[in-house]
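Colleague: Next comes the structure file target_21.cif, holding mmCIF, C-alpha atoms.
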data_protein
#
loop_
_atom_site.label_atom_id
_atom_site.label_comp_id
_atom_site.auth_asym_id
_atom_site.auth_seq_id
_atom_site.Cartn_x
_atom_site.Cartn_y
_atom_site.Cartn_z
CA MET F 8 11.44 -14.70 8.01
CA LYS F 9 7.80 -13.77 8.58
CA PHE F 10 5.94 -12.02 5.76
CA GLY F 11 2.71 -10.07 6.13
CA ILE F 12 0.80 -9.62 2.87
CA VAL F 13 -1.71 -6.93 1.90
CA VAL F 14 -3.90 -7.47 -1.16
CA SER F 15 -5.67 -4.24 -2.01
CA GLU F 16 -7.27 -4.86 -5.39
CA GLY F 17 -10.04 -7.18 -6.48
CA PRO F 18 -9.57 -10.34 -8.53
CA TYR F 19 -9.48 -10.49 -12.33
CA THR F 20 -9.66 -6.70 -12.89
CA HIS F 21 -6.20 -6.26 -11.40
CA GLN F 22 -3.22 -8.59 -11.35
CA ALA F 23 -2.43 -7.73 -7.71
CA SER F 24 -4.04 -10.81 -6.12
CA ASP F 25 -2.25 -13.07 -8.63
CA THR F 26 1.13 -11.51 -7.96
CA ALA F 27 0.53 -11.77 -4.22
CA TYR F 28 -0.43 -15.44 -4.60
CA HIS F 29 2.74 -16.28 -6.52
CA PHE F 30 4.83 -14.31 -4.03
CA VAL F 31 3.33 -16.17 -1.07
CA LYS F 32 3.87 -19.56 -2.74
CA ALA F 33 7.50 -18.68 -3.46
CA ALA F 34 8.02 -17.41 0.09
CA LEU F 35 6.63 -20.62 1.59
CA ALA F 36 8.70 -22.73 -0.80
CA ALA F 37 11.80 -20.89 0.39
CA GLY F 38 10.99 -21.84 4.00
CA HIS F 39 9.58 -18.48 5.10
CA GLU F 40 6.39 -18.03 7.10
CA VAL F 41 3.28 -16.22 5.92
CA PRO F 42 1.03 -16.08 8.98
CA ARG F 43 -1.56 -13.74 7.50
CA VAL F 44 -2.84 -12.17 4.29
CA PHE F 45 -5.01 -9.08 4.73
CA PHE F 46 -7.51 -8.18 2.01
CA TYR F 47 -8.38 -4.49 1.81
CA HIS F 48 -10.11 -2.04 -0.56
CA ASP F 49 -11.56 -4.09 -3.48
CA GLY F 50 -9.22 -6.89 -2.42
CA VAL F 51 -12.06 -8.12 -0.16
CA ASN F 52 -13.79 -9.40 -3.31
CA VAL F 53 -11.20 -12.15 -3.59
CA GLY F 54 -13.06 -13.82 -0.72
CA THR F 55 -16.47 -14.33 -2.31
CA ARG F 56 -17.38 -17.95 -2.96
CA LEU F 57 -19.90 -16.88 -5.60
CA SER F 58 -17.49 -16.04 -8.39
CA ILE F 59 -17.55 -18.38 -11.36
CA PRO F 60 -14.58 -17.79 -13.63
CA PRO F 61 -14.52 -19.65 -16.99
CA GLN F 62 -13.30 -23.27 -16.75
CA ASP F 63 -10.03 -22.55 -18.53
CA GLU F 64 -9.14 -19.65 -16.21
CA ARG F 65 -7.56 -19.74 -12.79
CA ASN F 66 -9.96 -19.62 -9.86
CA ILE F 67 -8.40 -16.94 -7.68
CA GLN F 68 -10.61 -17.54 -4.64
CA LYS F 69 -10.14 -21.32 -4.71
CA ASN F 70 -6.39 -20.94 -5.12
CA TRP F 71 -6.21 -18.75 -2.02
CA THR F 72 -8.48 -21.06 -0.03
CA ALA F 73 -6.33 -24.06 -0.91
CA LEU F 74 -3.05 -22.29 -0.18
CA GLY F 75 -4.40 -20.93 3.09
CA GLN F 76 -5.61 -24.32 4.26
CA GLU F 77 -2.44 -26.14 3.22
CA HIS F 78 -0.17 -23.72 5.07
CA GLY F 79 -2.39 -22.44 7.84
CA ILE F 80 -2.51 -18.88 6.53
CA ASP F 81 -4.96 -16.53 8.23
CA LEU F 82 -6.90 -15.02 5.29
CA VAL F 83 -8.48 -11.87 6.73
CA ILE F 84 -11.02 -9.71 4.97
CA CYS F 85 -11.39 -6.18 6.32
CA ILE F 86 -14.85 -5.75 7.78
CA ALA F 87 -15.26 -2.06 6.93
CA ALA F 88 -14.21 -2.56 3.32
CA ALA F 89 -16.27 -5.76 3.10
CA GLN F 90 -19.48 -4.16 4.34
CA ARG F 91 -19.24 -1.41 1.71
CA ARG F 92 -18.80 -3.98 -1.03
CA GLY F 93 -21.32 -6.61 0.08
CA LEU F 94 -19.00 -9.32 1.33
CA LEU F 95 -20.54 -11.01 4.38
CA ASP F 96 -20.08 -14.03 6.59
CA GLU F 97 -22.94 -15.77 8.38
CA ASN F 98 -22.64 -13.70 11.55
CA GLU F 99 -22.51 -10.38 9.73
CA ALA F 100 -25.40 -11.31 7.45
CA SER F 101 -27.59 -12.14 10.41
CA ARG F 102 -26.42 -9.13 12.42
CA GLN F 103 -27.17 -6.78 9.50
CA GLY F 104 -30.46 -8.48 8.59
CA LYS F 105 -29.24 -9.64 5.18
CA ASP F 106 -30.71 -12.74 3.54
CA ALA F 107 -27.45 -14.33 2.45
CA ASN F 108 -23.73 -14.49 2.98
CA ASN F 109 -21.00 -15.08 0.43
CA ILE F 110 -17.67 -15.54 2.19
CA ALA F 111 -15.55 -18.39 0.89
CA GLU F 112 -14.10 -21.22 2.96
CA GLY F 113 -10.81 -20.39 4.62
CA PHE F 114 -11.43 -16.64 4.79
CA ARG F 115 -12.61 -14.73 7.84
CA ILE F 116 -13.87 -11.19 8.35
CA SER F 117 -12.20 -9.03 10.95
CA GLY F 118 -11.13 -5.48 11.71
CA LEU F 119 -8.39 -3.20 10.47
CA GLY F 120 -6.53 -3.86 13.70
CA GLN F 121 -5.50 -7.17 12.14
CA LEU F 122 -3.60 -5.23 9.48
CA ILE F 123 -1.70 -3.14 12.01
CA GLU F 124 -1.03 -6.20 14.15
CA MET F 125 0.37 -7.96 11.07
CA GLY F 126 2.69 -5.01 10.48
CA ILE F 127 3.90 -5.22 14.06
CA GLN F 128 4.32 -8.99 14.21
CA THR F 129 5.93 -9.75 10.86
CA ASP F 130 9.42 -8.94 9.55
CA ARG F 131 8.31 -7.63 6.16
CA LEU F 132 5.02 -6.20 5.01
CA MET F 133 4.39 -6.59 1.29
CA THR F 134 1.59 -4.68 -0.43
CA PHE F 135 0.05 -5.78 -3.71
CA GLY F 136 -2.42 -3.30 -5.17
CA ASP F 137 -2.86 -0.80 -7.96
CA MET G 27 19.17 -0.04 5.89
CA SER G 28 17.69 -0.23 2.42
CA THR G 29 14.36 -0.52 0.66
CA LEU G 30 12.92 -2.77 -2.02
CA HIS G 31 10.65 -0.62 -4.18
CA THR G 32 8.07 -2.28 -6.39
CA VAL G 33 6.46 -0.50 -9.35
CA ASN G 34 3.47 -2.06 -11.10
CA LYS G 35 2.40 0.70 -13.49
CA SER G 36 3.42 1.45 -17.03
CA PRO G 37 5.43 4.71 -17.05
CA PHE G 38 3.43 5.75 -20.11
CA ALA G 39 0.21 5.76 -18.05
CA THR G 40 1.31 7.22 -14.72
CA THR G 41 4.26 9.01 -13.10
CA THR G 42 4.71 6.21 -10.56
CA LEU G 43 8.08 4.97 -11.83
CA ALA G 44 9.41 8.53 -12.04
CA SER G 45 8.26 9.20 -8.49
CA CYS G 46 9.83 5.98 -7.24
CA LEU G 47 13.11 6.88 -8.96
CA ASN G 48 13.00 10.30 -7.32
CA HIS G 49 12.82 8.72 -3.87
CA ALA G 50 15.08 5.69 -4.17
CA LEU G 51 18.24 5.92 -2.11
CA GLU G 52 21.67 4.49 -2.71
CA GLY G 53 21.62 0.78 -1.84
CA ASP G 54 17.92 0.42 -2.66
CA ALA G 55 16.47 -1.89 -5.29
CA ILE G 56 13.66 -1.22 -7.75
CA LEU G 57 11.67 -4.19 -9.03
CA LEU G 58 9.31 -3.72 -11.96
CA ILE G 59 6.26 -6.00 -11.82
CA GLU G 60 2.97 -6.36 -13.71
CA ASP G 61 2.54 -3.40 -16.14
CA GLY G 62 5.59 -1.84 -14.53
CA VAL G 63 7.79 -4.02 -16.74
CA TYR G 64 7.08 -1.72 -19.71
CA GLY G 65 9.32 0.78 -17.92
CA GLY G 66 12.34 -1.50 -18.27
CA VAL G 67 12.68 -1.24 -22.02
CA VAL G 68 15.48 0.79 -23.62
CA GLY G 69 14.94 3.74 -25.93
CA THR G 70 12.64 5.83 -23.73
CA GLU G 71 13.17 8.94 -21.64
CA LEU G 72 12.47 6.96 -18.47
CA ALA G 73 15.05 4.37 -19.44
CA LYS G 74 17.69 7.10 -19.40
CA ALA G 75 16.63 8.10 -15.89
CA LEU G 76 16.71 4.45 -14.82
CA ALA G 77 20.18 3.99 -16.22
CA ALA G 78 21.27 7.15 -14.40
CA ALA G 79 20.01 5.97 -11.00
CA LYS G 80 23.28 5.61 -9.14
CA GLY G 81 23.65 2.88 -6.55
CA VAL G 82 20.13 1.56 -7.15
CA SER G 83 19.84 -2.03 -8.40
CA LEU G 84 17.23 -2.69 -11.06
CA TYR G 85 15.16 -5.84 -11.42
CA VAL G 86 12.20 -6.98 -13.46
CA LEU G 87 9.84 -9.88 -12.78
CA SER G 88 10.51 -12.27 -15.65
CA GLY G 89 7.04 -13.85 -15.74
CA ASP G 90 5.45 -10.44 -16.26
CA LEU G 91 8.00 -9.61 -18.94
CA THR G 92 7.52 -12.75 -21.03
CA ALA G 93 3.73 -12.60 -20.57
CA ARG G 94 3.84 -9.24 -22.32
CA GLY G 95 6.06 -10.39 -25.16
CA ILE G 96 9.12 -8.39 -24.17
CA ASP G 97 12.51 -9.94 -24.84
CA THR G 98 15.10 -9.55 -22.10
CA ALA G 99 17.47 -8.26 -24.80
CA ARG G 100 15.41 -5.05 -24.87
CA LEU G 101 15.93 -4.30 -21.17
CA VAL G 102 17.84 -1.33 -19.85
CA LYS G 103 21.47 -2.27 -19.29
CA GLY G 104 22.02 -3.71 -15.84
CA MET G 105 18.39 -4.63 -15.25
CA LYS G 106 18.14 -8.21 -14.05
CA PRO G 107 15.19 -10.49 -14.73
CA ILE G 108 14.20 -12.50 -11.64
CA ASP G 109 11.46 -15.01 -10.81
CA TYR G 110 9.11 -14.99 -7.80
CA ALA G 111 11.74 -16.78 -5.70
CA GLY G 112 14.12 -13.95 -6.59
CA PHE G 113 11.42 -11.44 -5.59
CA VAL G 114 11.15 -13.13 -2.18
CA ALA G 115 14.93 -13.14 -1.80
CA LEU G 116 15.07 -9.41 -2.61
CA ALA G 117 12.44 -8.72 0.05
CA THR G 118 14.54 -10.52 2.65
CA GLU G 119 17.74 -8.74 1.61
CA HIS G 120 16.26 -5.27 2.13
CA ASP G 121 14.92 -3.87 5.39
CA ARG G 122 11.53 -2.89 4.10
CA ALA G 123 9.36 -3.03 1.01
CA GLN G 124 7.56 -0.06 -0.46
CA ALA G 125 4.92 -0.59 -3.11
CA TRP G 126 4.49 2.37 -5.45
CA LEU G 127 0.83 1.93 -6.30
CA MET N 22 3.17 -6.24 21.22
CA SER N 23 5.43 -4.06 23.31
CA GLU N 24 7.79 -3.34 20.43
CA ILE N 25 7.26 0.08 18.85
CA LYS N 26 7.66 0.20 15.10
CA LYS N 27 7.83 3.12 12.73
CA PHE N 28 4.77 3.06 10.48
CA LEU N 29 4.57 5.29 7.42
CA TYR N 30 1.30 5.76 5.55
CA VAL N 31 2.13 6.86 2.02
CA ASN N 32 -0.63 8.83 0.34
CA ARG N 33 -0.11 9.43 -3.37
CA LYS N 34 -3.67 9.58 -4.61
CA ALA N 35 -6.27 12.33 -4.80
CA PRO N 36 -9.49 12.08 -2.78
CA TYR N 37 -13.01 11.23 -4.09
CA GLY N 38 -12.08 9.93 -7.57
CA THR N 39 -11.13 6.67 -5.88
CA ILE N 40 -11.64 5.36 -2.35
CA TYR N 41 -7.97 4.95 -1.46
CA ALA N 42 -7.60 8.23 0.44
CA LEU N 43 -10.65 7.59 2.62
CA GLU N 44 -9.76 3.97 3.37
CA SER N 45 -6.17 5.00 4.10
CA LEU N 46 -7.49 7.43 6.70
CA GLU N 47 -9.58 4.64 8.22
CA VAL N 48 -6.43 2.56 8.71
CA VAL N 49 -4.66 5.52 10.31
CA LEU N 50 -7.54 5.97 12.76
CA ILE N 51 -7.54 2.31 13.80
CA GLY N 52 -3.75 2.16 13.80
CA ALA N 53 -3.57 5.06 16.23
CA ALA N 54 -4.83 2.74 18.99
CA PHE N 55 -1.73 0.57 18.68
CA ASP N 56 0.72 3.12 20.08
CA GLN N 57 3.21 2.86 17.22
CA ASP N 58 5.42 5.65 15.86
CA VAL N 59 3.16 6.88 13.06
CA SER N 60 3.96 9.25 10.22
CA LEU N 61 1.88 10.24 7.20
CA ALA N 62 3.47 11.10 3.86
CA PHE N 63 1.65 13.14 1.25
CA LEU N 64 3.26 13.34 -2.16
CA ASP N 65 2.25 13.36 -5.82
CA ASP N 66 -1.57 13.62 -6.05
CA GLY N 67 -1.80 12.76 -2.34
CA VAL N 68 -1.24 16.44 -1.51
CA PHE N 69 -4.73 17.17 -2.90
CA GLN N 70 -6.18 15.34 0.13
CA LEU N 71 -5.12 18.20 2.39
CA LEU N 72 -6.55 21.12 0.42
CA LYS N 73 -8.73 23.65 2.20
CA LYS N 74 -12.36 24.30 1.28
CA GLN N 75 -13.30 20.80 0.17
CA ASP N 76 -17.08 20.73 -0.26
CA THR N 77 -18.60 17.49 -1.46
CA ALA N 78 -22.26 18.52 -1.31
CA GLY N 79 -22.42 18.54 -5.10
CA ILE N 80 -21.27 14.95 -5.55
CA GLY N 81 -23.17 13.28 -2.72
CA VAL N 82 -20.04 11.87 -1.14
CA LYS N 83 -18.91 12.31 2.46
CA ASN N 84 -16.27 15.01 2.94
CA PHE N 85 -13.69 13.27 5.08
CA SER N 86 -11.10 16.06 5.07
CA PRO N 87 -12.12 17.37 8.55
CA THR N 88 -11.03 14.02 9.99
CA PHE N 89 -7.40 14.92 9.28
CA ARG N 90 -7.73 17.77 11.76
CA ALA N 91 -8.88 15.35 14.46
CA LEU N 92 -5.86 13.08 14.14
CA GLY N 93 -3.83 15.17 16.57
CA ASP N 94 -6.13 13.93 19.34
CA TYR N 95 -5.01 10.40 18.45
CA ASP N 96 -1.32 11.32 18.66
CA VAL N 97 -0.95 11.29 14.89
CA THR N 98 1.02 14.50 14.56
CA LYS N 99 3.52 14.02 11.74
CA PHE N 100 2.12 14.94 8.33
CA TYR N 101 5.03 15.15 5.89
CA VAL N 102 4.04 17.01 2.70
CA GLU N 103 6.42 17.14 -0.22
CA GLN N 104 7.25 20.63 -1.46
CA GLU N 105 7.98 19.52 -5.04
CA SER N 106 4.60 17.79 -5.28
CA LEU N 107 2.90 21.02 -4.18
CA THR N 108 4.88 23.17 -6.61
CA GLU N 109 4.27 20.84 -9.57
CA ARG N 110 0.54 21.25 -8.91
CA GLY N 111 0.62 25.03 -8.57
CA LEU N 112 0.07 24.84 -4.81
CA THR N 113 1.74 26.28 -1.74
CA ALA N 114 1.50 25.34 1.93
CA ASP N 115 -1.10 28.12 2.30
CA ASP N 116 -3.52 26.08 0.22
CA LEU N 117 -3.50 23.31 2.84
CA MET N 118 -5.80 22.92 5.84
CA ASP N 119 -4.63 24.09 9.23
CA ILE N 120 -3.91 20.87 11.06
CA THR N 121 -2.53 21.14 14.57
CA TYR N 122 -1.91 19.12 17.69
CA GLU N 123 -1.35 19.91 21.33
CA ASP N 124 2.20 19.03 22.34
CA GLU N 125 1.94 17.31 25.71
CA ASP N 126 5.72 17.61 26.15
CA ASP N 127 5.55 21.37 25.73
CA ASP N 128 2.76 22.53 28.03
CA TYR N 129 0.12 21.48 25.48
CA GLU N 130 1.16 24.21 23.10
CA GLU N 131 -0.69 24.04 19.80
CA LYS N 132 1.70 23.14 17.00
CA PRO N 133 1.30 22.52 13.27
CA SER N 134 1.10 18.85 12.25
CA ILE N 135 1.96 19.60 8.62
CA ARG N 136 5.67 19.66 7.94
CA VAL N 137 6.57 20.60 4.39
CA VAL N 138 9.72 18.73 3.36
CA ASN N 139 11.69 18.62 0.14
CA ARG N 140 12.01 15.52 -2.01
CA ASP N 141 15.33 14.42 -0.55
CA GLU N 142 13.96 14.77 2.97
CA MET N 143 10.89 12.74 1.96
CA ALA N 144 13.14 10.02 0.53
CA ALA N 145 15.09 9.93 3.80
CA ILE N 146 11.86 9.69 5.83
CA MET N 147 10.71 6.77 3.66
CA GLY N 148 14.06 5.09 4.14
CA ASP N 149 13.80 5.31 7.93
CA GLN N 150 10.67 3.19 8.50
CA ASP N 151 9.88 -0.31 9.67
CA VAL N 152 6.55 -0.64 7.90
CA VAL N 153 5.40 1.27 4.83
CA LEU N 154 1.71 1.13 3.98
CA SER N 155 0.95 2.44 0.50
CA PHE N 156 -2.35 3.88 -0.68
#
What is this structure when it is put down as structure tokens?
Modeller:
Amino acid sequence: MKFGIVVSEGPYTHQASDTAYHFVKAALAAGHEVPRVFFYHDGVNVGTRLSIPPQDERNIQKNWTALGQEHGIDLVICIAAAQRRGLLDENEASRQGKDANNIAEGFRISGLGQLIEMGIQTDRLMTFGD
Amino acid sequence: MSTLHTVNKSPFATTTLASCLNHALEGDAILLIEDGVYGGVVGTELAKALAAAKGVSLYVLSGDLTARGIDTARLVKGMKPIDYAGFVALATEHDRAQAWL
Amino acid sequence: MSEIKKFLYVNRKAPYGTIYALESLEVVLIGAAFDQDVSLAFLDDGVFQLLKKQDTAGIGVKNFSPTFRALGDYDVTKFYVEQESLTERGLTADDLMDITYEDEDDDYEEKPSIRVVNRDEMAAIMGDQDVVLSF
């Protein structure tokens, strides 16, 4: 079965991105497919490479990057939500005249259409938020 | 056709669990996750409503339960603790998932 | 992409205090381009999103409530509002904005988009979807 995943809260403040991560791992372990995870609302903040959690804590961004790369998951950050919250890739930073970008490896920025498309193309859409 | 409902809020902070219960249909499942697991404990008003939900199966995510120091012995009768693999299985067994955020 | 799915946007949160209502509306607007069978559900505090006379000048935030009235032009014409949620909050359907659409199957007659339903009807609508997006 194909699962589409929505993460709609930011890391550390809310448990949503952790629960989503464990769900995706369990789904893959059970032989299901997770073609895409869509990060919306404050969930876009999962995709910054600039977070530095304490050494003895999980690194939410790195966990997602690793899982995404290992299983070929499309980690999509919503562009509209990302622009509000200061999450940029190289293209967006240059297009908007900003002096830096902060997107982490394995994530990409794209439009809300990717969320709808995920709903159409997967068998189950799971939302993790608050 | 049935729905897997997930509730992630404590029923003492929001009306989310009550609202979910009010909209669950026969054959549906309710899974308590994150702070939602506080709603699975016996001895509260909500617990009575949960126990009275006819034809709705009740589950709780065990990792969230143990993280919060709640013993499964305190759960509402009939509520089953499951792990993430069980969560995935529930999602496949129902036709859709609805997150009560 | 030819398959048409039933999409339900569930709105249970009030506007302005958090961004969920606005960003939900942004998904609805984009989603309208995909030609799916779209319904909007307003229950619990979500009914506050549809109140008349919203004026955000005093808080310096954009008033997005007029956008709901434009959704009919995007073929988003099913706004299910739960009666019990209104009553619990001391509201009636008269407190809600006039949101209409032109029915192309009925000589473009202007019809109300808001359909007040009771809790059991709302539960049945939720149980009849392919994709439920919660905000």
Colleague: Leaving out G:Phe38 and any residue of its chain fewer than 2 positions from it, which residues lie within 12 Å of it when counting only C-alpha atoms, given as a PyMOL selection string?
Modeller: chain G and resi 34-36+40-44+61-67+70-73
Colleague: Create the file for the chosen residues now, containing C-alpha atoms and written as a PDB file, in the coordinates of the input.
Modeller:
ATOM      1  CA  ASN G  34       3.470  -2.060 -11.100  1.00  0.00           C
ATOM      2  CA  LYS G  35       2.400   0.700 -13.490  1.00  0.00           C
ATOM      3  CA  SER G  36       3.420   1.450 -17.030  1.00  0.00           C
ATOM      4  CA  THR G  40       1.310   7.220 -14.720  1.00  0.00           C
ATOM      5  CA  THR G  41       4.260   9.010 -13.100  1.00  0.00           C
ATOM      6  CA  THR G  42       4.710   6.210 -10.560  1.00  0.00           C
ATOM      7  CA  LEU G  43       8.080   4.970 -11.830  1.00  0.00           C
ATOM      8  CA  ALA G  44       9.410   8.530 -12.040  1.00  0.00           C
ATOM      9  CA  ASP G  61       2.540  -3.400 -16.140  1.00  0.00           C
ATOM     10  CA  GLY G  62       5.590  -1.840 -14.530  1.00  0.00           C
ATOM     11  CA  VAL G  63       7.790  -4.020 -16.740  1.00  0.00           C
ATOM     12  CA  TYR G  64       7.080  -1.720 -19.710  1.00  0.00           C
ATOM     13  CA  GLY G  65       9.320   0.780 -17.920  1.00  0.00           C
ATOM     14  CA  GLY G  66      12.340  -1.500 -18.270  1.00  0.00           C
ATOM     15  CA  VAL G  67      12.680  -1.240 -22.020  1.00  0.00           C
ATOM     16  CA  THR G  70      12.640   5.830 -23.730  1.00  0.00           C
ATOM     17  CA  GLU G  71      13.170   8.940 -21.640  1.00  0.00           C
ATOM     18  CA  LEU G  72      12.470   6.960 -18.470  1.00  0.00           C
ATOM     19  CA  ALA G  73      15.050   4.370 -19.440  1.00  0.00           C
TER      20      ALA G  73
END
Colleague: Specify as a VMD selection string all residues of chain G found within 9 Å of chain F, counting all atoms listed in the file.
Modeller: chain G and resid 34 to 35 59 to 60 110 to 115 117 to 118 121 to 127
Colleague: Which residues, named as in the file, does the PyMOL selection byres ((chain F) within 8 of (chain N)) pick out? Answer as number ranges by chain.
Modeller: F: 48, 88, 119-120, 123, 126-128, 131-132, 134
Colleague: Selection in question (the file shown): the PyMOL selection byres ((chain F and resi 56) around 9). Which residues does it include, as JSON, numbers by chain?
Modeller: {"F": [53, 54, 55, 57, 58, 59, 68, 69, 109, 110, 111, 112]}
Colleague: Taking only C-alpha atoms into account and nothing else, which residues of chain N lie no more than 12 Å away from chain G? Please answer as number ranges by chain.
Modeller: N: 27-34, 41, 64-67, 103, 105-106, 139-156
Colleague: Take the residues just selected and output them with C-alpha atoms as a PDB file, in the frame of the given file.
Modeller:
ATOM      1  CA  LYS N  27       7.830   3.120  12.730  1.00  0.00           C
ATOM      2  CA  PHE N  28       4.770   3.060  10.480  1.00  0.00           C
ATOM      3  CA  LEU N  29       4.570   5.290   7.420  1.00  0.00           C
ATOM      4  CA  TYR N  30       1.300   5.760   5.550  1.00  0.00           C
ATOM      5  CA  VAL N  31       2.130   6.860   2.020  1.00  0.00           C
ATOM      6  CA  ASN N  32      -0.630   8.830   0.340  1.00  0.00           C
ATOM      7  CA  ARG N  33      -0.110   9.430  -3.370  1.00  0.00           C
ATOM      8  CA  LYS N  34      -3.670   9.580  -4.610  1.00  0.00           C
ATOM      9  CA  TYR N  41      -7.970   4.950  -1.460  1.00  0.00           C
ATOM     10  CA  LEU N  64       3.260  13.340  -2.160  1.00  0.00           C
ATOM     11  CA  ASP N  65       2.250  13.360  -5.820  1.00  0.00           C
ATOM     12  CA  ASP N  66      -1.570  13.620  -6.050  1.00  0.00           C
ATOM     13  CA  GLY N  67      -1.800  12.760  -2.340  1.00  0.00           C
ATOM     14  CA  GLU N 103       6.420  17.140  -0.220  1.00  0.00           C
ATOM     15  CA  GLU N 105       7.980  19.520  -5.040  1.00  0.00           C
ATOM     16  CA  SER N 106       4.600  17.790  -5.280  1.00  0.00           C
ATOM     17  CA  ASN N 139      11.690  18.620   0.140  1.00  0.00           C
ATOM     18  CA  ARG N 140      12.010  15.520  -2.010  1.00  0.00           C
ATOM     19  CA  ASP N 141      15.330  14.420  -0.550  1.00  0.00           C
ATOM     20  CA  GLU N 142      13.960  14.770   2.970  1.00  0.00           C
ATOM     21  CA  MET N 143      10.890  12.740   1.960  1.00  0.00           C
ATOM     22  CA  ALA N 144      13.140  10.020   0.530  1.00  0.00           C
ATOM     23  CA  ALA N 145      15.090   9.930   3.800  1.00  0.00           C
ATOM     24  CA  ILE N 146      11.860   9.690   5.830  1.00  0.00           C
ATOM     25  CA  MET N 147      10.710   6.770   3.660  1.00  0.00           C
ATOM     26  CA  GLY N 148      14.060   5.090   4.140  1.00  0.00           C
ATOM     27  CA  ASP N 149      13.800   5.310   7.930  1.00  0.00           C
ATOM     28  CA  GLN N 150      10.670   3.190   8.500  1.00  0.00           C
ATOM     29  CA  ASP N 151       9.880  -0.310   9.670  1.00  0.00           C
ATOM     30  CA  VAL N 152       6.550  -0.640   7.900  1.00  0.00           C
ATOM     31  CA  VAL N 153       5.400   1.270   4.830  1.00  0.00           C
ATOM     32  CA  LEU N 154       1.710   1.130   3.980  1.00  0.00           C
ATOM     33  CA  SER N 155       0.950   2.440   0.500  1.00  0.00           C
ATOM     34  CA  PHE N 156      -2.350   3.880  -0.680  1.00  0.00           C
TER      35      PHE N 156
END
Colleague: To verify the selection step, state as a tab-separated table (two decimals) with C-alpha atoms, keeping the file's coordinate frame which residues the PyMOL selection byres ((chain G and resi 105-107) around 8) yields on this input.
Modeller:
chain	number	residue	atom	x	y	z
G	66	GLY	CA	12.34	-1.50	-18.27
G	83	SER	CA	19.84	-2.03	-8.40
G	84	LEU	CA	17.23	-2.69	-11.06
G	85	TYR	CA	15.16	-5.84	-11.42
G	86	VAL	CA	12.20	-6.98	-13.46
G	87	LEU	CA	9.84	-9.88	-12.78
G	88	SER	CA	10.51	-12.27	-15.65
G	98	THR	CA	15.10	-9.55	-22.10
G	101	LEU	CA	15.93	-4.30	-21.17
G	102	VAL	CA	17.84	-1.33	-19.85
G	103	LYS	CA	21.47	-2.27	-19.29
G	104	GLY	CA	22.02	-3.71	-15.84
G	108	ILE	CA	14.20	-12.50	-11.64
G	109	ASP	CA	11.46	-15.01	-10.81
Colleague: Of the residues F:Val44, F:Leu95, F:Ile84, F:Val51, which is the one nearest to F:Thr129, using all atoms listed in the file?
Modeller: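 The closest residue to F:Thr129 is F:Val44.
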Colleague: So what do you get for atom CA of N:Pro133 versus atom CA of N:Thr108, distance-wise?
Modeller: 20.2 Å
Colleague: What is the atom CA of N:Ala62 to atom CA of N:Pro87 distance in Å?
Modeller: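 Calculated distance between atom CA of N:Ala62 and atom CA of N:Pro87 is 17.4 Å.
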Colleague: Would you work out the distance separating atom CA of G:Val68 from atom CA of G:Arg100, expressed in Å to one decimal?
Modeller: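 Value for the atom CA of G:Val68-atom CA of G:Arg100 distance: 6.0 Å.
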Colleague: Using all atoms listed in the file, list the residues that have an atom at most 12 Å from (0.1, -26.0, 5.2), coordinates as in the file, as a list of chain:residue names.
Modeller: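 Nearby residues: F:Lys32, F:Leu35, F:Ala36, F:Gly38, F:Glu40, F:Val41, F:Pro42, F:Thr72, F:Ala73, F:Leu74, F:Gly75, F:Gln76, F:Glu77, F:His78, F:Gly79, F:Ile80, F:Asp81.
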Colleague: Around all the atoms of stretch 48-54 of chain F listed in the file, draw an axis-aligned box and extend it by 3 Å on each of the six sides; I want its centre and edge lengths in Å to one decimal, as JSON.
Modeller:
{"center_x": -11.5, "center_y": -7.9, "center_z": -1.9, "size_x": 10.6, "size_y": 17.8, "size_z": 9.4}
Colleague: Looking at N:Tyr37, N:Lys74, N:Ala91, N:Ile80, which one is nearest to N:Asp115, with distances taken over all atoms listed in the file?
Modeller: N:Lys74
